[in-house]
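Text of target39.cif (mmCIF, C-alpha atoms and all ligand atoms) as supplied:
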```cif
data_run
loop_
_atom_site.label_atom_id
_atom_site.label_comp_id
_atom_site.auth_asym_id
_atom_site.auth_seq_id
_atom_site.Cartn_x
_atom_site.Cartn_y
_atom_site.Cartn_z
CA MET A 1 137.18 120.53 110.22
CA GLY A 2 137.22 119.75 113.95
CA PHE A 3 135.08 117.11 115.58
CA ASP A 4 131.41 118.15 115.59
CA VAL A 5 129.21 115.55 117.26
CA HIS A 6 126.03 117.06 115.81
CA HIS A 7 127.39 116.78 112.27
CA ILE A 8 128.40 113.19 113.03
CA ARG A 9 124.94 112.36 114.37
CA GLU A 10 123.27 113.52 111.17
CA GLN A 11 124.95 110.62 109.44
CA PHE A 12 123.20 108.05 111.65
CA PRO A 13 119.53 107.89 110.54
CA ILE A 14 118.47 105.89 113.62
CA LEU A 15 119.40 108.81 115.87
CA LYS A 16 116.44 110.74 114.47
CA THR A 17 114.04 108.11 115.80
CA THR A 18 112.30 108.03 119.17
CA MET A 19 111.69 105.27 121.70
CA HIS A 20 108.60 105.35 123.94
CA GLY A 21 108.09 108.90 122.71
CA LYS A 22 111.56 110.01 123.90
CA PRO A 23 114.68 110.74 121.85
CA LEU A 24 116.70 107.56 121.43
CA VAL A 25 119.72 107.45 123.76
CA TYR A 26 121.83 104.55 122.60
CA LEU A 27 124.32 103.45 125.27
CA ASP A 28 124.76 99.82 124.30
CA ASN A 29 127.66 100.30 121.93
CA GLY A 30 129.57 97.43 123.51
CA ALA A 31 126.87 95.09 122.16
CA THR A 32 126.70 96.63 118.70
CA THR A 33 127.19 100.10 117.26
CA LEU A 34 124.83 102.15 115.13
CA LYS A 35 125.37 102.26 111.37
CA PRO A 36 126.11 105.43 109.42
CA LYS A 37 124.34 106.02 106.11
CA ALA A 38 127.61 105.54 104.20
CA VAL A 39 127.80 101.91 105.38
CA VAL A 40 124.17 101.18 104.54
CA ASP A 41 124.66 102.85 101.12
CA ALA A 42 127.73 100.73 100.34
CA ILE A 43 125.77 97.57 101.10
CA ASP A 44 122.76 98.80 99.10
CA HIS A 45 125.03 99.62 96.17
CA TYR A 46 126.25 96.05 96.07
CA TYR A 47 122.74 94.59 96.28
CA GLU A 48 121.10 97.09 93.95
CA GLU A 49 123.78 97.40 91.28
CA LYS A 50 126.43 94.69 91.69
CA THR A 51 124.65 91.55 92.94
CA SER A 52 126.54 88.51 91.71
CA ASN A 53 128.81 85.91 93.25
CA VAL A 54 132.54 86.51 93.63
CA HIS A 55 135.61 84.68 92.26
CA ARG A 56 133.63 82.57 89.83
CA GLY A 57 131.79 84.48 87.17
CA ALA A 58 133.46 85.00 83.80
CA TYR A 59 131.45 88.16 83.29
CA GLN A 60 131.83 91.83 84.14
CA LEU A 61 129.26 92.01 86.95
CA SER A 62 130.94 89.23 88.90
CA SER A 63 134.31 90.78 88.30
CA ASP A 64 132.99 94.11 89.69
CA ALA A 65 131.61 92.35 92.79
CA THR A 66 134.92 90.54 93.25
CA ASP A 67 136.77 93.85 93.04
CA LEU A 68 134.51 95.29 95.76
CA TYR A 69 134.95 92.23 97.99
CA GLU A 70 138.71 91.96 97.52
CA GLY A 71 139.00 95.75 97.80
CA ALA A 72 137.50 95.45 101.28
CA ARG A 73 140.17 92.90 102.17
CA VAL A 74 142.87 95.34 101.13
CA LYS A 75 141.23 98.04 103.27
CA VAL A 76 141.32 95.72 106.28
CA ARG A 77 144.97 94.89 105.52
CA ASP A 78 145.91 98.57 105.60
CA PHE A 79 143.67 99.31 108.59
CA ILE A 80 145.39 96.75 110.82
CA ASN A 81 148.76 96.91 109.02
CA ALA A 82 148.87 93.23 108.02
CA ARG A 83 151.82 92.29 105.80
CA THR A 84 149.55 91.11 103.01
CA GLU A 85 145.81 90.89 102.32
CA ASN A 86 146.22 87.10 102.38
CA GLU A 87 146.49 87.39 106.16
CA VAL A 88 142.90 88.69 106.29
CA VAL A 89 140.20 86.00 106.50
CA PHE A 90 136.58 87.15 106.35
CA THR A 91 134.35 85.35 108.83
CA LYS A 92 130.84 85.85 110.11
CA GLY A 93 132.12 87.58 113.23
CA ALA A 94 134.69 87.61 116.01
CA THR A 95 133.14 84.47 117.48
CA GLN A 96 133.70 82.46 114.31
CA ALA A 97 137.23 83.85 113.96
CA LEU A 98 138.16 82.93 117.55
CA ASN A 99 136.68 79.45 117.11
CA LEU A 100 138.56 79.00 113.84
CA VAL A 101 141.91 79.45 115.59
CA ALA A 102 140.99 77.04 118.38
CA GLN A 103 139.44 74.42 116.09
CA SER A 104 142.17 74.52 113.48
CA TRP A 105 145.41 75.51 115.21
CA GLY A 106 144.46 74.34 118.71
CA ILE A 107 143.08 70.89 117.98
CA HIS A 108 145.98 70.00 115.67
CA ASN A 109 148.85 71.38 117.73
CA LEU A 110 148.05 70.66 121.38
CA LYS A 111 148.40 67.53 123.48
CA ALA A 112 148.26 66.46 127.12
CA GLY A 113 150.82 68.39 129.18
CA ASP A 114 150.54 71.54 127.06
CA GLU A 115 149.14 74.64 128.72
CA ILE A 116 146.72 77.27 127.48
CA LEU A 117 146.59 80.61 129.30
CA CYS A 118 143.40 82.63 129.30
CA SER A 119 141.70 84.83 131.89
CA GLU A 120 138.49 85.39 133.82
CA LEU A 121 138.20 88.66 131.92
CA GLU A 122 137.33 86.83 128.69
CA HIS A 123 134.11 87.01 126.72
CA HIS A 124 132.74 83.47 126.32
CA SER A 125 133.74 83.62 122.64
CA SER A 126 137.38 83.96 123.64
CA PHE A 127 137.33 81.45 126.49
CA LEU A 128 134.94 78.60 125.54
CA PRO A 129 136.74 77.56 122.30
CA TRP A 130 139.87 76.89 124.36
CA GLN A 131 137.97 75.18 127.18
CA TYR A 132 136.73 72.78 124.50
CA VAL A 133 140.21 72.34 122.97
CA ALA A 134 141.59 71.57 126.44
CA ARG A 135 138.91 68.93 126.96
CA VAL A 136 139.50 67.11 123.67
CA THR A 137 143.30 67.38 123.54
CA GLY A 138 144.07 66.86 127.23
CA ALA A 139 145.87 70.21 127.41
CA THR A 140 145.49 72.23 130.63
CA LEU A 141 143.60 75.51 130.74
CA LYS A 142 145.13 77.99 133.20
CA PHE A 143 143.97 81.46 134.23
CA ILE A 144 146.17 84.51 134.39
CA PRO A 145 145.38 85.93 137.84
CA LEU A 146 143.72 89.35 137.58
CA THR A 147 144.90 92.32 139.62
CA GLU A 148 142.68 93.63 142.39
CA GLU A 149 141.22 96.06 139.86
CA GLY A 150 140.51 93.19 137.45
CA ARG A 151 143.30 93.68 134.91
CA ILE A 152 145.57 91.35 132.97
CA THR A 153 149.19 92.47 133.46
CA VAL A 154 152.57 91.36 132.18
CA GLU A 155 153.69 90.42 135.71
CA ASN A 156 150.60 88.31 136.33
CA THR A 157 150.99 86.61 132.96
CA LYS A 158 154.62 85.82 133.82
CA SER A 159 153.48 84.25 137.09
CA VAL A 160 151.67 81.44 135.23
CA LEU A 161 153.83 81.21 132.09
CA THR A 162 155.92 78.02 131.83
CA GLU A 163 157.89 76.14 129.21
CA ASN A 164 154.69 74.16 128.63
CA THR A 165 152.64 77.22 127.66
CA LYS A 166 151.65 76.80 124.02
CA VAL A 167 148.82 79.34 123.66
CA ILE A 168 147.83 82.60 125.28
CA ALA A 169 144.22 83.48 124.40
CA ILE A 170 143.16 86.85 125.82
CA ASN A 171 141.17 89.95 125.03
CA TYR A 172 142.68 93.30 124.03
CA VAL A 173 139.82 95.31 125.60
CA SER A 174 137.38 93.77 128.08
CA ASN A 175 133.71 94.06 127.12
CA VAL A 176 132.72 94.48 130.78
CA MET A 177 135.59 96.44 132.33
CA GLY A 178 136.87 98.38 129.31
CA TYR A 179 140.50 97.83 130.33
CA ILE A 180 143.23 97.65 127.68
CA ALA A 181 145.60 94.68 128.08
CA PRO A 182 149.36 95.04 127.36
CA ILE A 183 149.15 92.89 124.24
CA LYS A 184 152.53 93.79 122.73
CA GLU A 185 154.42 92.83 125.89
CA ILE A 186 152.37 89.64 126.29
CA ALA A 187 153.12 88.68 122.66
CA ALA A 188 156.83 88.92 123.48
CA LEU A 189 156.30 86.77 126.59
CA ALA A 190 154.39 84.16 124.60
CA HIS A 191 157.12 83.99 121.97
CA SER A 192 159.84 83.71 124.62
CA VAL A 193 158.51 80.21 125.43
CA GLY A 194 157.52 79.31 121.85
CA ALA A 195 153.79 79.90 122.43
CA ILE A 196 151.33 81.71 120.16
CA LEU A 197 149.16 84.67 121.16
CA THR A 198 145.59 84.87 119.87
CA VAL A 199 143.86 88.18 120.62
CA ASP A 200 140.16 88.87 120.95
CA ALA A 201 140.09 92.44 119.64
CA ALA A 202 136.30 92.74 119.24
CA GLN A 203 136.22 95.68 121.69
CA ALA A 204 139.55 97.15 120.58
CA LEU A 205 139.07 98.02 116.90
CA PRO A 206 136.09 100.30 117.60
CA HIS A 207 138.23 102.49 119.86
CA MET A 208 141.91 102.31 119.03
CA LYS A 209 144.46 101.88 116.27
CA VAL A 210 145.55 98.27 116.05
CA ASP A 211 148.81 97.46 114.27
CA VAL A 212 149.27 93.70 114.11
CA GLN A 213 152.91 93.93 113.03
CA ASP A 214 153.77 96.21 115.91
CA LEU A 215 151.90 93.99 118.39
CA ASP A 216 153.45 90.89 116.80
CA CYS A 217 150.38 88.83 117.80
CA ASP A 218 149.86 85.59 115.89
CA PHE A 219 146.08 85.86 115.49
CA LEU A 220 143.63 88.70 116.06
CA SER A 221 139.85 88.58 115.70
CA PHE A 222 137.18 91.26 115.46
CA SER A 223 133.60 91.98 114.34
CA ALA A 224 132.42 94.61 111.87
CA HIS A 225 129.19 95.39 113.74
CA LYS A 226 131.01 96.76 116.79
CA MET A 227 132.73 99.41 114.65
CA CYS A 228 129.85 100.90 112.63
CA GLY A 229 129.80 98.00 110.16
CA PRO A 230 127.18 95.35 109.41
CA THR A 231 126.28 92.31 111.50
CA GLY A 232 127.29 88.85 110.27
CA THR A 233 130.83 89.90 109.31
CA GLY A 234 134.16 89.65 111.05
CA VAL A 235 137.86 89.21 110.46
CA LEU A 236 140.49 86.74 111.48
CA TYR A 237 143.98 88.12 111.04
CA GLY A 238 146.68 85.45 111.18
CA LYS A 239 150.38 85.35 110.34
CA LEU A 240 150.57 83.87 106.86
CA ASP A 241 153.04 81.11 107.69
CA LEU A 242 150.66 79.87 110.39
CA LEU A 243 147.49 80.19 108.28
CA ASN A 244 148.99 78.35 105.34
CA VAL A 245 149.73 75.21 107.35
CA MET A 246 146.42 75.17 109.22
CA GLU A 247 143.63 72.80 108.22
CA PRO A 248 140.33 74.31 107.19
CA ILE A 249 137.43 73.66 109.55
CA GLU A 250 134.73 74.08 106.92
CA PHE A 251 134.75 72.39 103.54
CA GLY A 252 132.89 73.29 100.38
CA GLY A 253 132.99 75.53 97.36
CA GLU A 254 135.86 77.84 96.48
CA MET A 255 138.31 76.69 99.16
CA ILE A 256 139.79 73.79 97.23
CA ASP A 257 142.80 73.43 95.02
CA LEU A 258 142.23 69.90 93.65
CA VAL A 259 139.45 67.51 94.65
CA GLY A 260 140.11 63.78 94.46
CA ASP A 261 137.96 60.78 95.37
CA VAL A 262 139.93 60.10 98.52
CA THR A 263 141.88 63.24 99.36
CA SER A 264 141.81 66.84 98.26
CA THR A 265 144.06 69.86 98.56
CA TRP A 266 143.26 73.39 99.67
CA LYS A 267 143.91 76.84 98.37
CA ASP A 268 146.32 79.01 100.32
CA ALA A 269 145.04 81.44 102.94
CA PRO A 270 142.72 83.22 103.12
CA TYR A 271 140.55 81.22 100.72
CA ARG A 272 141.00 77.84 102.43
CA PHE A 273 139.04 79.34 105.35
CA GLU A 274 136.26 80.91 103.29
CA ALA A 275 134.27 77.88 102.14
CA GLY A 276 131.07 78.61 100.22
CA THR A 277 129.74 81.98 99.17
CA PRO A 278 131.52 84.42 101.47
CA VAL A 279 130.15 87.43 103.39
CA ILE A 280 130.25 89.63 100.28
CA ALA A 281 127.91 92.46 101.30
CA GLY A 282 129.22 92.36 104.87
CA ALA A 283 132.84 92.73 103.80
CA ILE A 284 131.91 95.64 101.53
CA GLY A 285 130.05 97.22 104.46
CA LEU A 286 133.08 96.70 106.69
CA GLY A 287 135.24 98.47 104.11
CA ALA A 288 132.85 101.46 104.25
CA ALA A 289 132.92 101.37 108.08
CA ILE A 290 136.73 101.53 108.01
CA ASP A 291 136.57 104.58 105.73
CA PHE A 292 134.06 106.16 108.12
CA ILE A 293 136.13 105.51 111.25
CA GLU A 294 139.27 106.80 109.56
CA THR A 295 137.44 109.99 108.57
CA VAL A 296 136.23 110.57 112.14
CA GLY A 297 139.70 109.69 113.50
CA TYR A 298 140.55 107.55 116.52
CA GLU A 299 141.84 110.56 118.44
CA ASN A 300 138.37 112.16 118.21
CA ILE A 301 136.62 108.88 118.97
CA VAL A 302 138.59 108.30 122.15
CA ALA A 303 138.43 111.94 123.29
CA GLN A 304 134.64 112.03 122.95
CA GLU A 305 134.14 108.67 124.69
CA LEU A 306 136.36 109.60 127.60
CA LYS A 307 134.80 113.05 128.00
CA LEU A 308 131.35 111.43 128.24
CA ARG A 309 132.56 108.70 130.55
CA GLN A 310 134.23 111.16 132.90
CA HIS A 311 131.07 113.28 133.09
CA ALA A 312 128.91 110.21 133.72
CA ILE A 313 131.20 108.88 136.47
CA ALA A 314 131.28 112.29 138.19
CA GLY A 315 127.44 112.37 138.15
CA MET A 316 127.14 108.77 139.31
CA LYS A 317 129.38 109.47 142.29
CA GLU A 318 126.82 111.96 143.54
CA ILE A 319 124.19 109.22 143.72
CA ASP A 320 124.29 107.14 146.91
CA GLY A 321 124.31 103.38 146.72
CA LEU A 322 125.95 102.90 143.31
CA THR A 323 128.89 100.56 142.87
CA ILE A 324 131.06 101.21 139.82
CA PHE A 325 133.27 98.23 138.99
CA ASN A 326 135.69 99.79 136.50
CA GLU A 327 136.34 103.37 137.43
CA GLY A 328 139.82 103.42 135.91
CA ALA A 329 138.90 102.08 132.45
CA GLU A 330 140.49 103.57 129.33
CA THR A 331 137.47 103.08 127.03
CA GLY A 332 133.86 104.27 127.16
CA ILE A 333 132.39 101.42 129.23
CA ILE A 334 130.88 101.80 132.71
CA SER A 335 129.84 98.63 134.55
CA PHE A 336 127.91 99.22 137.72
CA ASN A 337 125.09 98.15 139.99
CA VAL A 338 122.59 100.01 142.10
CA ASP A 339 122.71 98.43 145.55
CA GLY A 340 119.70 96.20 146.13
CA VAL A 341 118.29 96.60 142.60
CA HIS A 342 118.56 93.87 139.98
CA PRO A 343 120.30 95.11 136.80
CA HIS A 344 117.32 94.00 134.69
CA ASP A 345 115.01 96.19 136.77
CA MET A 346 117.32 99.14 136.23
CA ALA A 347 117.40 98.39 132.50
CA SER A 348 113.58 98.63 132.40
CA ILE A 349 113.74 102.09 133.98
CA TYR A 350 116.26 103.22 131.37
CA ASP A 351 114.20 101.68 128.58
CA ALA A 352 111.08 103.59 129.62
CA GLU A 353 113.16 106.76 129.12
CA GLY A 354 114.32 105.70 125.65
CA ILE A 355 117.79 104.77 126.95
CA CYS A 356 119.38 101.52 125.78
CA VAL A 357 121.86 99.90 128.18
CA ARG A 358 122.87 96.29 128.64
CA ALA A 359 122.06 94.36 131.79
CA GLY A 360 123.19 90.81 132.41
CA HIS A 361 126.36 88.76 132.56
CA HIS A 362 127.64 90.17 129.25
CA CYS A 363 128.74 86.71 128.04
CA ALA A 364 131.39 86.83 130.76
CA GLN A 365 130.19 84.53 133.53
CA PRO A 366 133.68 83.81 134.92
CA LEU A 367 134.11 87.58 135.39
CA MET A 368 130.72 87.90 137.12
CA LYS A 369 131.91 85.20 139.52
CA TRP A 370 135.14 87.12 140.04
CA LEU A 371 133.15 90.31 140.72
CA CYS A 372 130.79 88.35 143.03
CA GLN A 373 127.81 89.71 141.07
CA PRO A 374 125.11 87.75 139.25
CA ALA A 375 125.02 90.50 136.62
CA THR A 376 125.82 94.19 136.08
CA VAL A 377 124.41 97.16 134.22
CA ARG A 378 126.69 98.30 131.41
CA ALA A 379 126.50 101.70 129.77
CA SER A 380 128.90 101.95 126.83
CA PHE A 381 129.50 105.28 125.08
CA TYR A 382 130.65 105.88 121.52
CA PHE A 383 131.68 109.01 119.63
CA TYR A 384 128.14 109.88 118.48
CA ASN A 385 126.85 110.10 122.07
CA THR A 386 126.44 113.53 123.62
CA MET A 387 126.52 115.24 127.01
CA GLU A 388 122.70 115.33 126.75
CA ASP A 389 122.77 111.54 126.53
CA VAL A 390 124.81 111.44 129.72
CA GLU A 391 122.38 113.81 131.47
CA ALA A 392 119.43 111.62 130.42
CA PHE A 393 121.30 108.56 131.70
CA LEU A 394 122.05 110.22 135.06
CA ALA A 395 118.46 111.41 135.48
CA ALA A 396 117.14 107.90 134.80
CA THR A 397 119.70 106.44 137.21
CA ARG A 398 118.49 108.77 139.97
CA GLN A 399 114.89 107.97 139.08
CA GLY A 400 115.53 104.21 139.22
CA LYS A 401 117.35 104.49 142.51
CA GLU A 402 114.47 106.46 144.07
CA PHE A 403 111.76 104.26 142.57
CA PHE A 404 113.25 101.03 143.87
CA SER A 405 114.09 102.53 147.28
CA ASP A 406 110.41 103.45 147.65
CA VAL A 407 109.28 100.00 146.55
CA PHE A 408 111.62 97.90 148.66
CA PHE A 409 112.80 99.88 151.66
N1 LIG B 1 134.73 89.27 122.27
C1 LIG B 1 134.29 90.35 122.90
C2 LIG B 1 135.21 91.05 123.87
C3 LIG B 1 133.00 90.82 122.68
O1 LIG B 1 132.56 91.91 123.33
C4 LIG B 1 132.18 90.14 121.76
C5 LIG B 1 130.79 90.57 121.54
O2 LIG B 1 130.13 91.08 122.43
C6 LIG B 1 132.70 89.02 121.10
C7 LIG B 1 133.97 88.61 121.38
C8 LIG B 1 131.88 88.25 120.13
O3 LIG B 1 131.58 89.05 119.01
P1 LIG B 1 130.45 88.57 117.98
O4 LIG B 1 129.23 88.31 118.78
O5 LIG B 1 130.32 89.75 117.06
O6 LIG B 1 130.97 87.36 117.30
#
```
Re-express the file's structure as structure tokens.
Ligand code: PLP
Amino acid sequence: MGFDVHHIREQFPILKTTMHGKPLVYLDNGATTLKPKAVVDAIDHYYEEKTSNVHRGAYQLSSDATDLYEGARVKVRDFINARTENEVVFTKGATQALNLVAQSWGIHNLKAGDEILCSELEHHSSFLPWQYVARVTGATLKFIPLTEEGRITVENTKSVLTENTKVIAINYVSNVMGYIAPIKEIAALAHSVGAILTVDAAQALPHMKVDVQDLDCDFLSFSAHKMCGPTGTGVLYGKLDLLNVMEPIEFGGEMIDLVGDVTSTWKDAPYRFEAGTPVIAGAIGLGAAIDFIETVGYENIVAQELKLRQHAIAGMKEIDGLTIFNEGAETGIISFNVDGVHPHDMASIYDAEGICVRAGHHCAQPLMKWLCQPATVRASFYFYNTMEDVEAFLAATRQGKEFFSDVFF
């Protein structure tokens, strides 16, 4: 069957709700996505019928829960084409995964004179862990200069790459601009000088097929909740030979091999990084989200997002006094401002119409500085949004523009 957005929407119970008496128009998918019933059901099934801890119970129920949890790891392996499920570490989100790489690999492998490349396009979760590593190790943090449009390119990466580069830490898709970075080519550049590439793919997995072997990145992090899965769950993919020589950053139950009075030894990856009771329900929910996304199909997801984005941009261009910061983006994000109106004021206008958008710095203050804006409004579309959603968004944009012109001018 072809892509039918109305059939898709029936699977998202929240889309039947209203906000301020208006149909809910959810355009904050960059922050988190809505959850289909299949994901909620998978989590409920675990809690209602399979609640028990994993890896430790010598009884059937625990073995069933372990099968569900480890089954989710295998799904992630296949989804991102990792070589083995042992390259898949469950975390509480992209932030924890990105920090894990910096805290474990970064702190133990870097020293004064080494260079870390990142960019002003990073989410704070991608950038701050390495700012901290630079401070404590004495390594130097350098920025890949962005193009005029605000993109990371191979050429610009080359311009700051040296024999001292040890890490490149960048995003795959920007959460503000929606641009896709040339990760495969940058992985090759990193390896040409013996550096590693760690990729923040939090905004990539919701929209595009990611094949870690094809990209040849060393680490890649993402969150379940941005791709129809539950909050509190994420993944760190890492090459096994790297993971197995990295020190854990959290210590506790289930990650040990042998515990002595003075020293102890750790299990191999991924378990050495999953201390304590892991994100069991979350991982199971992520597995269901992967099934859901695969059923919808990335080609349909992208086509729908871009159709909506194109229609929105065309409508926005007919409104005077709007600045769009990322007209050429390849994913469903539009970042913009209405001249003379604070983004938070615009967000209140949208909210009154039942429309959810994000306004603020989007956890990307270096990028706001680069854009010379204190904040922006961000509308981010996903495959369950409709042309009616876009029309509602455009009508509220016109309304906000007129309202604030009357108030202030
Ligand atoms: N990286 C990017 C590009 C993001 O958009 C986000 C979330 O907005 C994160 C990292 C952090 O993800 P989480 O808050 O799920 O850990």
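Around ligand LIG 1 (chain B), the neighbouring residues within 6 Å, taking only C-alpha atoms and all ligand atoms, come to Ala31, Gly93, Ala94, Thr95, His123, Ser125, Ser174, Asn175, Asp200, Ala202, Gln203 and Ser223 of chain A.
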For this session: Extract, using all atoms listed in the file, all DNA, RNA and protein residues at most 9 Å from Gly321 in chain A, discarding same-chain residues fewer than 6 positions from it, and format them as an MDAnalysis selection string.
Result: chainID A and resid 337:340 401
Problem set entry | range 365-369 of chain A surroundings by only C-alpha atoms, 12 Å radius, close-in-sequence under 6 positions cut, as a PyMOL selection string | chain A and resi 118-128+143+145-146+149-151+174-177+325+335-336+375-377
Suppose we keep C-alpha atoms; can you now write the selection as a short mmCIF file (atom, residue, chain, number, x, y, z; two decimals), in the frame of the given file?
```cif
data_model
loop_
_atom_site.label_atom_id
_atom_site.label_comp_id
_atom_site.auth_asym_id
_atom_site.auth_seq_id
_atom_site.Cartn_x
_atom_site.Cartn_y
_atom_site.Cartn_z
CA CYS A 118 143.40 82.63 129.30
CA SER A 119 141.70 84.83 131.89
CA GLU A 120 138.49 85.39 133.82
CA LEU A 121 138.20 88.66 131.92
CA GLU A 122 137.33 86.83 128.69
CA HIS A 123 134.11 87.01 126.72
CA HIS A 124 132.74 83.47 126.32
CA SER A 125 133.74 83.62 122.64
CA SER A 126 137.38 83.96 123.64
CA PHE A 127 137.33 81.45 126.49
CA LEU A 128 134.94 78.60 125.54
CA PHE A 143 143.97 81.46 134.23
CA PRO A 145 145.38 85.93 137.84
CA LEU A 146 143.72 89.35 137.58
CA GLU A 149 141.22 96.06 139.86
CA GLY A 150 140.51 93.19 137.45
CA ARG A 151 143.30 93.68 134.91
CA SER A 174 137.38 93.77 128.08
CA ASN A 175 133.71 94.06 127.12
CA VAL A 176 132.72 94.48 130.78
CA MET A 177 135.59 96.44 132.33
CA PHE A 325 133.27 98.23 138.99
CA SER A 335 129.84 98.63 134.55
CA PHE A 336 127.91 99.22 137.72
CA ALA A 375 125.02 90.50 136.62
CA THR A 376 125.82 94.19 136.08
CA VAL A 377 124.41 97.16 134.22
#
```
Problem set entry | Selected residue of minimal separation from Ala379 in chain A among A:Ile107, A:Ala181, A:Ala58, A:Val25, counting only C-alpha atoms | A:Val25
Within 7 Å of Lys142 in chain A using all atoms listed in the file, minus same-chain residues under 3 positions, as a compact mmCIF listing (two decimals) with C-alpha atoms, in the frame of the given file:
```txt
# COMPACT_ATOMS: atom_id res chain seq x y z
CA GLU A 115 149.14 74.64 128.72
CA ILE A 116 146.72 77.27 127.48
CA LEU A 117 146.59 80.61 129.30
CA CYS A 118 143.40 82.63 129.30
```
Problem set entry | Nearest-residue call for Ala65 in chain A, choices A:Ile293, A:Ile284, A:Val245, A:Ile333, using only C-alpha atoms |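 The closest residue to Ala65 in chain A is A:Ile284.
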Problem set entry | Expected answer as a ChimeraX atom specification: all residues with atoms within 8 Å of (140.9, 91.7, 112.9), all atoms listed in the file | /A:76,80,88,201-202,205,220-223,234-237
From the structure block, carefully write range 56-94 of chain A out with C-alpha atoms; format it as a short mmCIF file (atom, residue, chain, number, x, y, z; two decimals), in the first residue's frame.
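The new file out.cif reads:
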```cif
data_model
loop_
_atom_site.label_atom_id
_atom_site.label_comp_id
_atom_site.auth_asym_id
_atom_site.auth_seq_id
_atom_site.Cartn_x
_atom_site.Cartn_y
_atom_site.Cartn_z
CA ARG A 56 20.34 -12.18 36.16
CA GLY A 57 17.26 -14.21 36.88
CA ALA A 58 17.47 -17.98 36.68
CA TYR A 59 13.79 -18.15 35.87
CA GLN A 60 11.65 -18.02 32.74
CA LEU A 61 10.23 -14.51 33.21
CA SER A 62 13.67 -12.95 33.45
CA SER A 63 14.84 -14.96 30.49
CA ASP A 64 11.85 -13.66 28.47
CA ALA A 65 12.66 -10.06 29.46
CA THR A 66 16.30 -10.62 28.54
CA ASP A 67 15.25 -11.94 25.14
CA LEU A 68 13.16 -8.81 24.55
CA TYR A 69 15.98 -6.50 25.66
CA GLU A 70 18.70 -8.29 23.70
CA GLY A 71 16.32 -8.66 20.75
CA ALA A 72 16.09 -4.87 20.65
CA ARG A 73 19.89 -4.68 20.49
CA VAL A 74 19.89 -6.98 17.48
CA LYS A 75 17.24 -4.78 15.83
CA VAL A 76 19.45 -1.72 16.34
CA ARG A 77 22.43 -3.66 14.95
CA ASP A 78 20.54 -4.44 11.75
CA PHE A 79 18.99 -0.97 11.56
CA ILE A 80 22.37 0.80 11.51
CA ASN A 81 24.29 -2.13 9.97
CA ALA A 82 26.75 -2.57 12.84
CA ARG A 83 29.07 -5.58 12.48
CA THR A 84 27.81 -7.14 15.70
CA GLU A 85 25.24 -6.35 18.39
CA ASN A 86 28.17 -5.93 20.79
CA GLU A 87 28.83 -2.59 19.08
CA VAL A 88 25.44 -1.33 20.33
CA VAL A 89 25.47 0.23 23.81
CA PHE A 90 22.12 1.28 25.28
CA THR A 91 22.25 4.63 27.04
CA LYS A 92 19.69 7.03 28.40
CA GLY A 93 19.92 9.19 25.28
CA ALA A 94 22.19 10.79 22.70
#
```
